[in-house]
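entry_0.csv (CSV, C-alpha atoms) appears below.
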chain,number,residue,atom,x,y,z
A,1,MET,CA,52.5,290.2,-4.5
A,2,GLN,CA,52.1,293.7,-5.8
A,3,ALA,CA,50.9,292.5,-9.2
A,4,PHE,CA,48.4,290.1,-7.5
A,5,GLN,CA,47.0,292.9,-5.3
A,6,ASP,CA,46.8,295.4,-8.2
A,7,ALA,CA,45.0,292.9,-10.4
A,8,TYR,CA,42.5,292.1,-7.6
A,9,ASN,CA,41.8,295.7,-6.8
A,10,THR,CA,41.4,296.7,-10.5
A,11,GLN,CA,39.4,293.5,-11.2
A,12,ASN,CA,41.9,292.6,-14.0
A,13,TRP,CA,41.1,288.9,-13.7
A,14,ASP,CA,43.4,287.8,-16.6
A,15,LEU,CA,46.4,289.4,-14.8
A,16,TYR,CA,45.2,288.0,-11.5
A,17,LYS,CA,45.2,284.5,-12.8
A,18,GLN,CA,48.7,285.0,-14.3
A,19,GLN,CA,50.0,285.4,-10.7
A,20,MET,CA,48.9,281.9,-9.8
A,21,CYS,CA,50.6,278.5,-10.3
A,22,PRO,CA,49.1,276.3,-13.0
A,23,ALA,CA,47.3,274.1,-10.6
A,24,MET,CA,45.6,277.0,-8.9
A,25,ARG,CA,44.9,278.8,-12.2
A,26,ASN,CA,43.0,275.8,-13.5
A,27,GLN,CA,40.5,276.2,-10.7
A,28,PHE,CA,39.8,279.8,-11.7
A,29,THR,CA,38.2,279.2,-15.1
A,30,ASP,CA,35.0,281.1,-15.9
A,31,GLY,CA,32.1,279.7,-13.9
A,32,PRO,CA,31.3,279.4,-10.2
A,33,VAL,CA,34.8,280.0,-8.7
A,34,MET,CA,35.3,283.2,-10.7
A,35,ASP,CA,31.7,284.3,-10.0
A,36,ILE,CA,32.4,284.0,-6.2
A,37,LEU,CA,35.7,285.8,-6.6
A,38,LYS,CA,34.1,288.7,-8.4
A,39,LYS,CA,31.3,289.0,-5.9
A,40,THR,CA,33.7,288.9,-3.0
A,41,ARG,CA,35.8,291.7,-4.6
A,42,ALA,CA,32.6,293.8,-5.2
A,43,ASP,CA,31.4,293.2,-1.7
A,44,SER,CA,34.6,293.7,0.2
A,45,GLY,CA,36.3,296.6,-1.7
A,46,MET,CA,39.9,297.4,-2.1
A,47,THR,CA,42.7,295.5,-0.3
A,48,ARG,CA,46.2,296.9,0.5
A,49,ALA,CA,48.9,294.4,1.5
A,50,LYS,CA,52.6,294.3,2.2
A,51,VAL,CA,54.8,291.3,2.8
A,52,GLY,CA,55.4,290.8,6.5
A,53,ALA,CA,57.5,287.6,6.4
A,54,VAL,CA,58.8,285.1,3.9
A,55,GLN,CA,60.0,281.6,4.4
A,56,ILE,CA,61.7,279.9,1.4
A,57,ASP,CA,62.2,276.2,1.0
A,58,GLY,CA,63.6,275.3,-2.4
A,59,ASP,CA,60.9,276.0,-5.0
A,60,THR,CA,58.2,276.7,-2.5
A,61,ALA,CA,57.7,279.5,0.0
A,62,THR,CA,55.3,280.9,2.5
A,63,VAL,CA,54.4,284.6,2.7
A,64,ILE,CA,52.6,286.2,5.6
A,65,LEU,CA,50.9,289.4,4.5
A,66,GLU,CA,49.9,292.4,6.5
A,67,SER,CA,46.8,293.5,4.8
A,68,GLN,CA,43.9,295.9,5.2
A,69,ASN,CA,40.6,295.5,3.5
A,70,GLU,CA,37.8,298.2,3.2
A,71,ALA,CA,35.2,295.8,4.6
A,72,ALA,CA,37.1,293.2,6.6
A,73,GLY,CA,39.7,295.4,8.3
A,74,ASN,CA,43.2,294.2,9.1
A,75,LEU,CA,44.1,290.7,8.1
A,76,ALA,CA,47.3,288.6,8.2
A,77,PRO,CA,46.8,285.9,5.6
A,78,THR,CA,49.4,283.3,4.9
A,79,LEU,CA,49.9,282.4,1.2
A,80,PRO,CA,51.9,279.5,-0.2
A,81,LEU,CA,54.1,280.3,-3.3
A,82,GLN,CA,55.6,278.0,-5.9
A,83,ARG,CA,58.5,278.9,-8.2
A,84,THR,CA,57.1,278.2,-11.7
A,85,ASP,CA,58.2,280.8,-14.2
A,86,GLY,CA,58.7,283.2,-11.3
A,87,TRP,CA,57.1,283.0,-7.9
A,88,LYS,CA,53.4,282.3,-8.1
A,89,ILE,CA,50.6,282.0,-5.5
A,90,CYS,CA,49.7,278.4,-5.2
A,91,VAL,CA,46.8,277.5,-2.9
A,92,GLN,CA,45.6,274.0,-3.7

I need this file expressed as structure tokens, please.
Amino acid sequence: MQAFQDAYNTQNWDLYKQQMCPAMRNQFTDGPVMDILKKTRADSGMTRAKVGAVQIDGDTATVILESQNEAAGNLAPTLPLQRTDGWKICVQ
């Protein structure tokens, strides 16, 4: 999760995509999805997050984050993970 957050905050989009499962990564090719992501990052500023809870079920998991964003304030997003060459974020 730290690498995902750091990549987002530094706008290192190649590293950001490396933290995703293959199915999710395929959606983040250059074009509209990446344009929206870059605009969202520019508009919302830095995000700081820590893992609040984890539930593991075999090769999948759910992580609840405790995060704070410069523009949006405090958030508690839930992210699904998949174990593919390590744990990867996998929103499909």

Applying 8 Å and all atoms listed in the file, which residues near Arg83 (chain A) remain after dropping the ones on its own chain fewer than 3 positions away? List them as an mmCIF file with C-alpha atoms, keeping the file's coordinate frame.
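Writing the result to out39.cif gives the following:
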data_model
loop_
_atom_site.group_PDB
_atom_site.id
_atom_site.type_symbol
_atom_site.label_atom_id
_atom_site.label_comp_id
_atom_site.auth_asym_id
_atom_site.auth_seq_id
_atom_site.Cartn_x
_atom_site.Cartn_y
_atom_site.Cartn_z
ATOM 1 C CA ASP A 59 60.900 276.000 -5.000
ATOM 2 C CA THR A 60 58.200 276.700 -2.500
ATOM 3 C CA GLY A 86 58.700 283.200 -11.300
ATOM 4 C CA TRP A 87 57.100 283.000 -7.900
ATOM 5 C CA LYS A 88 53.400 282.300 -8.100
#

Within 7 Å of Ala49 (chain A) using all atoms listed in the file, minus same-chain residues under 2 positions, as an MDAnalysis selection string: chainID A and resid 47 51 65:68

Write out as a Markdown table a residue-level contact list of region 44-79 of chain A versus region 7-19 of chain A with cut-off 9 Å: for each qualifying residue the closest pair of atoms and the distance in Å to one decimal, counting all atoms listed in the file, rows sorted by chain and residue number upward.
| residue | atom | partner | partner_atom | distance |
| --- | --- | --- | --- | --- |
| A:Gly45 | CA | A:Asn9 | CA | 7.6 |
| A:Met46 | CA | A:Asn9 | CA | 5.3 |
| A:Thr47 | CA | A:Asn9 | CA | 6.6 |
| A:Arg48 | CA | A:Asn9 | CA | 8.6 |

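Coordinates place CA of Leu75 (chain A) at a distance of 15.2 Å from CA of Arg41 (chain A).
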
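Surrounding residues of (45.4, 276.0, -0.9) at most 9 Å away are Met24, Leu79, Pro80, Cys90, Val91 and Gln92 of chain A (based on only C-alpha atoms).
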
Nearest to Ala3 (chain A) by atom-to-atom distance, counting only C-alpha atoms, from A:Pro77, A:Lys50, A:Ala71, A:Ser44: A:Lys50

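A straight line drawn from CA of Pro22 (chain A) to CA of Leu37 (chain A) is 17.6 Å long.
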
Two-atom distance - CA of Gln82 (chain A), CA of Cys21 (chain A) (Å): 6.7 Å
